[in-house]
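Visitor: run-v9.pdb is the file, holding PDB, C-alpha atoms, pLDDT in the B column:
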ATOM      1  CA  MET A 847      11.489 108.880 -55.638  1.00 47.00           C
ATOM      2  CA  PRO A 848       8.407 106.668 -55.099  1.00 63.00           C
ATOM      3  CA  TYR A 849       6.427 105.451 -58.107  1.00 63.00           C
ATOM      4  CA  THR A 850       2.799 104.316 -58.204  1.00 71.00           C
ATOM      5  CA  TYR A 851       1.314 102.546 -61.205  1.00 75.00           C
ATOM      6  CA  ASP A 852      -2.066 101.081 -62.051  1.00 81.00           C
ATOM      7  CA  PHE A 853      -0.540  97.948 -63.604  1.00 82.00           C
ATOM      8  CA  PRO A 854       2.590  95.796 -63.110  1.00 84.00           C
ATOM      9  CA  HIS A 855       5.850  96.882 -64.722  1.00 87.00           C
ATOM     10  CA  PRO A 856       8.649  94.561 -65.902  1.00 92.00           C
ATOM     11  CA  ALA A 857      12.224  94.969 -64.773  1.00 95.00           C
ATOM     12  CA  VAL A 858      14.897  95.871 -67.346  1.00 98.00           C
ATOM     13  CA  THR A 859      18.399  94.445 -67.630  1.00 98.00           C
ATOM     14  CA  VAL A 860      21.265  94.876 -70.082  1.00 98.00           C
ATOM     15  CA  ASP A 861      23.661  92.238 -71.398  1.00 98.00           C
ATOM     16  CA  ALA A 862      27.016  92.878 -73.056  1.00 98.00           C
ATOM     17  CA  ILE A 863      28.350  90.351 -75.576  1.00 98.00           C
ATOM     18  CA  PRO A 864      32.152  90.843 -75.544  1.00 97.00           C
ATOM     19  CA  LEU A 865      33.564  89.472 -78.798  1.00 97.00           C
ATOM     20  CA  MET A 866      37.207  89.155 -79.822  1.00 95.00           C
ATOM     21  CA  TRP A 867      38.894  87.850 -82.977  1.00 94.00           C
ATOM     22  CA  ARG A 868      42.012  85.984 -81.910  1.00 87.00           C
ATOM     23  CA  ASP A 869      43.880  82.811 -82.813  1.00 86.00           C
ATOM     24  CA  GLY A 870      41.928  82.697 -86.054  1.00 89.00           C
ATOM     25  CA  GLN A 871      38.519  82.414 -84.424  1.00 92.00           C
ATOM     26  CA  LEU A 872      35.784  84.549 -82.925  1.00 95.00           C
ATOM     27  CA  GLN A 873      35.561  84.222 -79.164  1.00 95.00           C
ATOM     28  CA  VAL A 874      33.078  85.518 -76.607  1.00 97.00           C
ATOM     29  CA  LEU A 875      33.868  86.374 -72.999  1.00 96.00           C
ATOM     30  CA  LEU A 876      31.435  84.712 -70.599  1.00 97.00           C
ATOM     31  CA  ILE A 877      31.050  84.951 -66.849  1.00 96.00           C
ATOM     32  CA  ARG A 878      30.265  82.067 -64.518  1.00 97.00           C
ATOM     33  CA  ARG A 879      27.368  83.256 -62.401  1.00 95.00           C
ATOM     34  CA  GLY A 880      28.167  83.472 -58.712  1.00 93.00           C
ATOM     35  CA  LYS A 881      24.605  83.552 -57.385  1.00 92.00           C
ATOM     36  CA  PRO A 882      21.096  82.323 -58.279  1.00 94.00           C
ATOM     37  CA  PRO A 883      19.407  82.031 -60.620  1.00 95.00           C
ATOM     38  CA  PHE A 884      21.598  79.740 -62.746  1.00 97.00           C
ATOM     39  CA  GLU A 885      24.412  79.832 -60.189  1.00 95.00           C
ATOM     40  CA  GLY A 886      27.516  78.218 -61.676  1.00 96.00           C
ATOM     41  CA  LYS A 887      26.248  78.533 -65.256  1.00 97.00           C
ATOM     42  CA  TRP A 888      27.910  80.592 -67.979  1.00 98.00           C
ATOM     43  CA  ALA A 889      26.249  83.821 -69.148  1.00 97.00           C
ATOM     44  CA  PHE A 890      26.927  87.213 -70.686  1.00 98.00           C
ATOM     45  CA  PRO A 891      28.071  90.015 -68.366  1.00 97.00           C
ATOM     46  CA  GLY A 892      24.979  91.996 -67.448  1.00 97.00           C
ATOM     47  CA  GLY A 893      22.571  93.170 -64.811  1.00 96.00           C
ATOM     48  CA  PHE A 894      19.711  95.444 -63.890  1.00 97.00           C
ATOM     49  CA  VAL A 895      19.447  98.982 -65.229  1.00 98.00           C
ATOM     50  CA  GLU A 896      19.414 101.606 -62.501  1.00 96.00           C
ATOM     51  CA  ILE A 897      16.365 103.860 -62.344  1.00 93.00           C
ATOM     52  CA  ASP A 898      18.182 106.965 -63.621  1.00 95.00           C
ATOM     53  CA  GLU A 899      20.501 105.173 -66.071  1.00 97.00           C
ATOM     54  CA  ASP A 900      20.416 104.992 -69.864  1.00 98.00           C
ATOM     55  CA  LEU A 901      20.833 101.605 -71.537  1.00 98.00           C
ATOM     56  CA  GLU A 902      24.262 101.917 -73.170  1.00 97.00           C
ATOM     57  CA  PRO A 903      25.983 103.337 -70.061  1.00 97.00           C
ATOM     58  CA  ALA A 904      24.358 100.550 -68.060  1.00 98.00           C
ATOM     59  CA  ALA A 905      25.798  97.909 -70.396  1.00 98.00           C
ATOM     60  CA  ALA A 906      29.255  99.518 -70.198  1.00 97.00           C
ATOM     61  CA  ARG A 907      29.015  99.648 -66.410  1.00 97.00           C
ATOM     62  CA  GLU A 908      27.982  96.005 -66.075  1.00 96.00           C
ATOM     63  CA  LEU A 909      30.753  94.875 -68.423  1.00 96.00           C
ATOM     64  CA  GLY A 910      33.297  96.819 -66.393  1.00 95.00           C
ATOM     65  CA  GLU A 911      31.988  95.673 -63.013  1.00 94.00           C
ATOM     66  CA  GLU A 912      31.855  91.977 -63.872  1.00 95.00           C
ATOM     67  CA  THR A 913      34.939  91.612 -66.093  1.00 95.00           C
ATOM     68  CA  GLY A 914      37.107  94.706 -65.561  1.00 93.00           C
ATOM     69  CA  LEU A 915      37.036  95.426 -69.315  1.00 94.00           C
ATOM     70  CA  ASP A 916      36.252  98.761 -70.916  1.00 91.00           C
ATOM     71  CA  ALA A 917      33.724  98.784 -73.726  1.00 85.00           C
ATOM     72  CA  GLY A 918      35.345 100.700 -76.551  1.00 85.00           C
ATOM     73  CA  HIS A 919      32.202 100.388 -78.681  1.00 92.00           C
ATOM     74  CA  LEU A 920      28.711  99.090 -77.959  1.00 96.00           C
ATOM     75  CA  GLU A 921      26.293  98.212 -80.734  1.00 96.00           C
ATOM     76  CA  GLN A 922      22.701  97.673 -79.600  1.00 97.00           C
ATOM     77  CA  LEU A 923      21.551  94.246 -80.735  1.00 98.00           C
ATOM     78  CA  GLY A 924      17.928  94.243 -79.621  1.00 98.00           C
ATOM     79  CA  ALA A 925      15.468  93.561 -76.813  1.00 98.00           C
ATOM     80  CA  PHE A 926      14.544  90.081 -75.588  1.00 98.00           C
ATOM     81  CA  GLY A 927      11.499  89.626 -73.429  1.00 97.00           C
ATOM     82  CA  GLN A 928       9.943  86.180 -73.340  1.00 96.00           C
ATOM     83  CA  PRO A 929       7.815  86.204 -70.159  1.00 95.00           C
ATOM     84  CA  ASP A 930       9.588  83.171 -68.637  1.00 95.00           C
ATOM     85  CA  ARG A 931      13.162  84.035 -69.612  1.00 96.00           C
ATOM     86  CA  ASP A 932      14.109  84.935 -66.007  1.00 96.00           C
ATOM     87  CA  PRO A 933      12.759  82.882 -63.061  1.00 95.00           C
ATOM     88  CA  ARG A 934      13.043  85.816 -60.643  1.00 94.00           C
ATOM     89  CA  GLU A 935      10.452  88.115 -62.204  1.00 95.00           C
ATOM     90  CA  ARG A 936       9.254  89.567 -65.495  1.00 95.00           C
ATOM     91  CA  VAL A 937      12.532  90.823 -67.021  1.00 97.00           C
ATOM     92  CA  ILE A 938      13.204  92.372 -70.411  1.00 98.00           C
ATOM     93  CA  THR A 939      16.857  92.585 -71.428  1.00 98.00           C
ATOM     94  CA  VAL A 940      18.546  94.782 -74.025  1.00 98.00           C
ATOM     95  CA  ALA A 941      21.674  93.192 -75.473  1.00 98.00           C
ATOM     96  CA  PHE A 942      24.721  94.941 -76.923  1.00 98.00           C
ATOM     97  CA  LEU A 943      27.562  93.706 -79.098  1.00 98.00           C
ATOM     98  CA  ALA A 944      30.885  94.709 -77.550  1.00 97.00           C
ATOM     99  CA  PRO A 945      33.698  94.129 -80.087  1.00 96.00           C
ATOM    100  CA  LEU A 946      37.161  94.157 -78.499  1.00 95.00           C
ATOM    101  CA  SER A 947      40.681  94.100 -79.894  1.00 91.00           C
ATOM    102  CA  ALA A 948      43.231  91.847 -78.246  1.00 81.00           C
ATOM    103  CA  ASP A 949      45.754  94.598 -77.526  1.00 82.00           C
ATOM    104  CA  HIS A 950      43.223  97.057 -76.067  1.00 71.00           C
ATOM    105  CA  ALA A 951      40.951  94.794 -74.022  1.00 65.00           C
ATOM    106  CA  GLY A 952      43.310  93.895 -71.182  1.00 70.00           C
ATOM    107  CA  GLN A 953      43.027  90.872 -68.925  1.00 82.00           C
ATOM    108  CA  PRO A 954      39.489  90.137 -67.695  1.00 88.00           C
ATOM    109  CA  ALA A 955      38.999  89.734 -63.956  1.00 84.00           C
ATOM    110  CA  ALA A 956      35.773  88.438 -62.413  1.00 84.00           C
ATOM    111  CA  ALA A 957      34.037  90.665 -59.856  1.00 82.00           C
ATOM    112  CA  THR A 958      30.622  91.447 -58.302  1.00 81.00           C
ATOM    113  CA  ASP A 959      28.147  88.782 -59.504  1.00 82.00           C
ATOM    114  CA  ALA A 960      30.739  86.924 -61.608  1.00 87.00           C
ATOM    115  CA  ALA A 961      32.549  83.975 -60.011  1.00 88.00           C
ATOM    116  CA  ALA A 962      34.872  83.550 -63.011  1.00 95.00           C
ATOM    117  CA  THR A 963      35.432  84.711 -66.572  1.00 95.00           C
ATOM    118  CA  ALA A 964      36.641  82.772 -69.602  1.00 95.00           C
ATOM    119  CA  TRP A 965      36.898  83.188 -73.361  1.00 95.00           C
ATOM    120  CA  HIS A 966      34.971  80.632 -75.417  1.00 96.00           C
ATOM    121  CA  SER A 967      34.875  79.992 -79.138  1.00 96.00           C
ATOM    122  CA  VAL A 968      31.444  80.988 -80.416  1.00 96.00           C
ATOM    123  CA  GLU A 969      31.454  77.667 -82.283  1.00 94.00           C
ATOM    124  CA  GLU A 970      31.865  75.631 -79.064  1.00 95.00           C
ATOM    125  CA  LEU A 971      29.823  77.295 -76.348  1.00 97.00           C
ATOM    126  CA  PRO A 972      28.909  75.734 -73.019  1.00 97.00           C
ATOM    127  CA  ARG A 973      25.271  75.588 -71.998  1.00 97.00           C
ATOM    128  CA  LEU A 974      24.240  79.171 -71.302  1.00 98.00           C
ATOM    129  CA  ALA A 975      21.949  80.640 -68.655  1.00 98.00           C
ATOM    130  CA  PHE A 976      18.650  82.396 -69.347  1.00 98.00           C
ATOM    131  CA  ASP A 977      17.989  82.734 -73.103  1.00 98.00           C
ATOM    132  CA  HIS A 978      21.591  83.646 -73.876  1.00 98.00           C
ATOM    133  CA  ALA A 979      21.996  80.864 -76.453  1.00 98.00           C
ATOM    134  CA  GLU A 980      19.194  82.424 -78.495  1.00 98.00           C
ATOM    135  CA  ILE A 981      20.687  85.885 -78.047  1.00 98.00           C
ATOM    136  CA  MET A 982      24.077  84.577 -79.205  1.00 98.00           C
ATOM    137  CA  ALA A 983      22.509  83.231 -82.395  1.00 98.00           C
ATOM    138  CA  VAL A 984      20.965  86.644 -83.102  1.00 98.00           C
ATOM    139  CA  ALA A 985      24.330  88.290 -82.357  1.00 98.00           C
ATOM    140  CA  ILE A 986      26.108  86.173 -84.974  1.00 97.00           C
ATOM    141  CA  GLU A 987      23.457  87.016 -87.568  1.00 97.00           C
ATOM    142  CA  ARG A 988      23.836  90.727 -86.800  1.00 97.00           C
ATOM    143  CA  LEU A 989      27.619  90.467 -86.945  1.00 97.00           C
ATOM    144  CA  MET A 990      27.413  88.899 -90.395  1.00 96.00           C
ATOM    145  CA  GLY A 991      25.180  91.727 -91.577  1.00 96.00           C
ATOM    146  CA  LEU A 992      27.531  94.364 -90.183  1.00 96.00           C
ATOM    147  CA  LEU A 993      30.532  92.717 -91.834  1.00 96.00           C
ATOM    148  CA  ARG A 994      28.732  92.757 -95.190  1.00 95.00           C
ATOM    149  CA  THR A 995      27.831  96.442 -95.109  1.00 94.00           C
ATOM    150  CA  THR A 996      30.159  98.297 -92.695  1.00 94.00           C
ATOM    151  CA  PRO A 997      33.807  98.418 -91.538  1.00 95.00           C
ATOM    152  CA  PHE A 998      32.759  96.673 -88.300  1.00 95.00           C
ATOM    153  CA  ALA A 999      35.668  94.211 -88.585  1.00 96.00           C
ATOM    154  CA  LEU A1000      38.054  97.041 -87.763  1.00 96.00           C
ATOM    155  CA  TYR A1001      36.806  97.107 -84.155  1.00 95.00           C
ATOM    156  CA  PHE A1002      38.484  93.719 -83.675  1.00 95.00           C
ATOM    157  CA  MET A1003      41.863  94.760 -85.055  1.00 95.00           C
ATOM    158  CA  PRO A1004      44.972  95.532 -82.979  1.00 92.00           C
ATOM    159  CA  GLU A1005      46.759  98.883 -83.163  1.00 91.00           C
ATOM    160  CA  THR A1006      48.327  97.908 -86.481  1.00 94.00           C
ATOM    161  CA  PHE A1007      47.054  95.160 -88.748  1.00 96.00           C
ATOM    162  CA  ARG A1008      47.252  93.751 -92.263  1.00 96.00           C
ATOM    163  CA  PHE A1009      44.657  93.465 -94.985  1.00 97.00           C
ATOM    164  CA  GLN A1010      44.887  89.690 -94.540  1.00 96.00           C
ATOM    165  CA  ASP A1011      43.849  89.991 -90.879  1.00 95.00           C
ATOM    166  CA  VAL A1012      40.614  91.783 -91.726  1.00 96.00           C
ATOM    167  CA  SER A1013      39.980  89.551 -94.722  1.00 96.00           C
ATOM    168  CA  ALA A1014      40.348  86.406 -92.592  1.00 96.00           C
ATOM    169  CA  LEU A1015      37.532  87.539 -90.309  1.00 95.00           C
ATOM    170  CA  HIS A1016      35.318  88.236 -93.313  1.00 95.00           C
ATOM    171  CA  GLU A1017      36.135  84.887 -94.875  1.00 95.00           C
ATOM    172  CA  SER A1018      35.393  83.015 -91.663  1.00 92.00           C
ATOM    173  CA  TYR A1019      31.862  84.407 -91.321  1.00 89.00           C
ATOM    174  CA  LEU A1020      30.858  85.375 -94.842  1.00 92.00           C
ATOM    175  CA  GLY A1021      32.592  82.625 -96.790  1.00 92.00           C
ATOM    176  CA  GLN A1022      34.553  85.083 -98.920  1.00 93.00           C
ATOM    177  CA  LYS A1023      37.527  87.365 -98.504  1.00 93.00           C
ATOM    178  CA  LEU A1024      37.116  91.101 -98.048  1.00 96.00           C
ATOM    179  CA  PRO A1025      36.860  92.691-101.517  1.00 94.00           C
ATOM    180  CA  LYS A1026      39.925  94.809-102.205  1.00 94.00           C
ATOM    181  CA  GLY A1027      37.598  97.522-103.528  1.00 96.00           C
ATOM    182  CA  ARG A1028      35.975  97.927-100.108  1.00 95.00           C
ATOM    183  CA  TRP A1029      39.398  98.113 -98.483  1.00 96.00           C
ATOM    184  CA  ASN A1030      40.333 100.897-100.913  1.00 96.00           C
ATOM    185  CA  ASP A1031      37.067 102.662-100.052  1.00 95.00           C
ATOM    186  CA  TRP A1032      38.044 102.623 -96.388  1.00 95.00           C
ATOM    187  CA  LEU A1033      41.419 104.083 -97.292  1.00 94.00           C
ATOM    188  CA  SER A1034      39.806 106.802 -99.417  1.00 94.00           C
ATOM    189  CA  ALA A1035      37.323 107.622 -96.648  1.00 91.00           C
ATOM    190  CA  GLY A1036      40.175 108.088 -94.164  1.00 92.00           C
ATOM    191  CA  LEU A1037      39.079 105.282 -91.853  1.00 93.00           C
ATOM    192  CA  ILE A1038      42.463 103.577 -92.114  1.00 95.00           C
ATOM    193  CA  SER A1039      45.943 104.686 -93.128  1.00 95.00           C
ATOM    194  CA  GLU A1040      49.224 103.008 -93.965  1.00 94.00           C
ATOM    195  CA  ALA A1041      51.521 102.471 -91.008  1.00 91.00           C
ATOM    196  CA  GLU A1042      54.715 100.560 -91.832  1.00 87.00           C
ATOM    197  CA  ASP A1043      55.893  97.179 -93.054  1.00 89.00           C
ATOM    198  CA  GLY A1044      52.718  96.668 -95.040  1.00 90.00           C
ATOM    199  CA  ARG A1045      50.512  97.272 -92.027  1.00 96.00           C
ATOM    200  CA  TYR A1046      47.665  99.735 -91.437  1.00 96.00           C
ATOM    201  CA  SER A1047      46.054 101.540 -88.518  1.00 94.00           C
ATOM    202  CA  ILE A1048      42.693 103.097 -87.783  1.00 92.00           C
ATOM    203  CA  CYS A1049      43.036 106.850 -88.108  1.00 89.00           C
ATOM    204  CA  VAL A1050      39.553 108.159 -87.183  1.00 79.00           C
ATOM    205  CA  ASP A1051      36.638 107.068 -85.057  1.00 77.00           C
ATOM    206  CA  LEU A1052      34.763 104.441 -86.999  1.00 75.00           C
ATOM    207  CA  GLU A1053      31.528 105.467 -88.657  1.00 69.00           C
ATOM    208  CA  LEU A1054      29.402 102.446 -89.437  1.00 67.00           C
ATOM    209  CA  ASN A1055      28.015 103.797 -92.687  1.00 63.00           C
ATOM    210  CA  GLU A1056      27.757 101.582 -95.739  1.00 56.00           C
ATOM    211  CA  LEU A1057      31.078 101.773 -97.533  1.00 62.00           C
TER     212      LEU A1057
END
Written as structure tokens, that's how I'd like the structure from this file.
Guide:
Amino acid sequence: MPYTYDFPHPAVTVDAIPLMWRDGQLQVLLIRRGKPPFEGKWAFPGGFVEIDEDLEPAAARELGEETGLDAGHLEQLGAFGQPDRDPRERVITVAFLAPLSADHAGQPAAATDAAATAWHSVEELPRLAFDHAEIMAVAIERLMGLLRTTPFALYFMPETFRFQDVSALHESYLGQKLPKGRWNDWLSAGLISEAEDGRYSICVDLELNEL
């Protein structure tokens, strides 16, 4: 369908920020760009939104196309639109947090625009393309807020996990262990249930209400 406008319109992209808690640290999956601009540089999986596509499905599609991973949950982070952020044209991007658990994510495989994929500690990132370093800083701030007020940490957990596993993630980013009272609230709300050998599992779809 042709479109005619009286003034210029920016393009819109989406970026997924795949995060995983493993080996006692938070890691982000980056792609090495296989074409200009920033060819050879590391970046988040992402790309242009199709004309008839909503934002979240677009982010899930780009994550799948460039890494082979399925987005179990996407949390919209925000829009980023500095006029010079993309040398190709005026581009506004909408970024999404994509928390992944180690036993559900699978093995990433680079495809389409991605020349390679690799996990990086969020504390030791390479130089990133576009404005992705700034977006990563906002993502960490949002993650800290979600950990304070919601059961967001559970998205990172394997099929069965211990209280200590969740508490370690909280302690790493909030400087304090998960309060046992909040853990009991999650149990009472039916978000988690006892499995075996002192382990727990998620028993319903997570609802990110304040608990």
Visitor: Go through A:Thr913, A:Thr850, A:Thr939, A:Thr996 and flag the residue nearest Thr963 in chain A, using all atoms listed in the file for the distances.
Guide: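 For Thr963 in chain A, the nearest of the candidates is A:Thr913.
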Visitor: Residues within 6 Å of Val940 in chain A, please, as a list in words. Count all atoms listed in the file; anything in the same chain fewer than 5 positions from it doesn't count.
Guide: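 Close residues of Val940 in chain A: Val860, Gly924 and Ala925 of chain A.
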Visitor: For Ile986 in chain A, please output as a JSON list (two decimals) with C-alpha atoms, in the coordinates of the input all residues within 9 Å (counting only C-alpha atoms; exclusion window: fewer than 4 positions along the same chain).
Guide:
[["chain", "number", "residue", "atom", "x", "y", "z"],
["A", 968, "VAL", "CA", 31.44, 80.99, -80.42],
["A", 981, "ILE", "CA", 20.69, 85.88, -78.05],
["A", 982, "MET", "CA", 24.08, 84.58, -79.20],
["A", 990, "MET", "CA", 27.41, 88.90, -90.40],
["A", 991, "GLY", "CA", 25.18, 91.73, -91.58],
["A", 1019, "TYR", "CA", 31.86, 84.41, -91.32]]
Visitor: Can you spell out as a PyMOL selection string the set of residues that the PyMOL selection byres ((chain A and resi 930-937) around 7) selects in the structure I just provided?
Guide: chain A and resi 856-859+927-929+938-939+976-977
Visitor: Figure out the distance between CA of Ser1047 in chain A and CA of Pro903 in chain A, please, to one decimal in Å.
Guide: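 Separation of CA of Pro903 in chain A and CA of Ser1047 in chain A: 27.3 Å.
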Visitor: Tell me, as a VMD selection string, which residues lie within 12 Å of Lys881 in chain A, counting all atoms listed in the file; anything in the same chain fewer than 6 positions away does not count.
Guide: chain A and resid 887 to 889 958 to 962 975
Visitor: Please write the residues from the selection above to a file, keeping C-alpha atoms, as an mmCIF file, in the frame of the given file.
Guide:
data_model
loop_
_atom_site.group_PDB
_atom_site.id
_atom_site.type_symbol
_atom_site.label_atom_id
_atom_site.label_comp_id
_atom_site.auth_asym_id
_atom_site.auth_seq_id
_atom_site.Cartn_x
_atom_site.Cartn_y
_atom_site.Cartn_z
ATOM 1 C CA LYS A 887 26.248 78.533 -65.256
ATOM 2 C CA TRP A 888 27.910 80.592 -67.979
ATOM 3 C CA ALA A 889 26.249 83.821 -69.148
ATOM 4 C CA THR A 958 30.622 91.447 -58.302
ATOM 5 C CA ASP A 959 28.147 88.782 -59.504
ATOM 6 C CA ALA A 960 30.739 86.924 -61.608
ATOM 7 C CA ALA A 961 32.549 83.975 -60.011
ATOM 8 C CA ALA A 962 34.872 83.550 -63.011
ATOM 9 C CA ALA A 975 21.949 80.640 -68.655
#
Visitor: Taking the block just given, write range 883-911 of chain A to a file that holds C-alpha atoms, as an mmCIF file, in the first residue's frame.
Guide:
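After the write, decode.cif holds the following:
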data_model
loop_
_atom_site.group_PDB
_atom_site.id
_atom_site.type_symbol
_atom_site.label_atom_id
_atom_site.label_comp_id
_atom_site.auth_asym_id
_atom_site.auth_seq_id
_atom_site.Cartn_x
_atom_site.Cartn_y
_atom_site.Cartn_z
ATOM 1 C CA PRO A 883 26.819 0.343 9.432
ATOM 2 C CA PHE A 884 29.186 -0.732 12.227
ATOM 3 C CA GLU A 885 30.139 -3.916 10.379
ATOM 4 C CA GLY A 886 32.164 -6.154 12.691
ATOM 5 C CA LYS A 887 31.009 -4.341 15.837
ATOM 6 C CA TRP A 888 28.981 -5.913 18.636
ATOM 7 C CA ALA A 889 25.316 -4.941 19.052
ATOM 8 C CA PHE A 890 21.969 -6.154 20.340
ATOM 9 C CA PRO A 891 19.902 -8.404 18.059
ATOM 10 C CA GLY A 892 17.438 -6.162 16.262
ATOM 11 C CA GLY A 893 16.177 -4.693 13.040
ATOM 12 C CA PHE A 894 13.485 -2.745 11.261
ATOM 13 C CA VAL A 895 9.815 -3.142 12.128
ATOM 14 C CA GLU A 896 7.714 -4.311 9.203
ATOM 15 C CA ILE A 897 4.879 -2.032 8.124
ATOM 16 C CA ASP A 898 2.108 -4.300 9.447
ATOM 17 C CA GLU A 899 3.973 -5.563 12.533
ATOM 18 C CA ASP A 900 3.531 -4.700 16.205
ATOM 19 C CA LEU A 901 6.617 -3.903 18.275
ATOM 20 C CA GLU A 902 6.842 -6.914 20.600
ATOM 21 C CA PRO A 903 6.358 -9.510 17.831
ATOM 22 C CA ALA A 904 8.981 -7.646 15.817
ATOM 23 C CA ALA A 905 11.479 -7.880 18.683
ATOM 24 C CA ALA A 906 10.751 -11.604 19.105
ATOM 25 C CA ARG A 907 11.167 -12.145 15.370
ATOM 26 C CA GLU A 908 14.486 -10.298 15.193
ATOM 27 C CA LEU A 909 15.832 -12.178 18.212
ATOM 28 C CA GLY A 910 14.863 -15.478 16.620
ATOM 29 C CA GLU A 911 16.198 -14.601 13.170
#
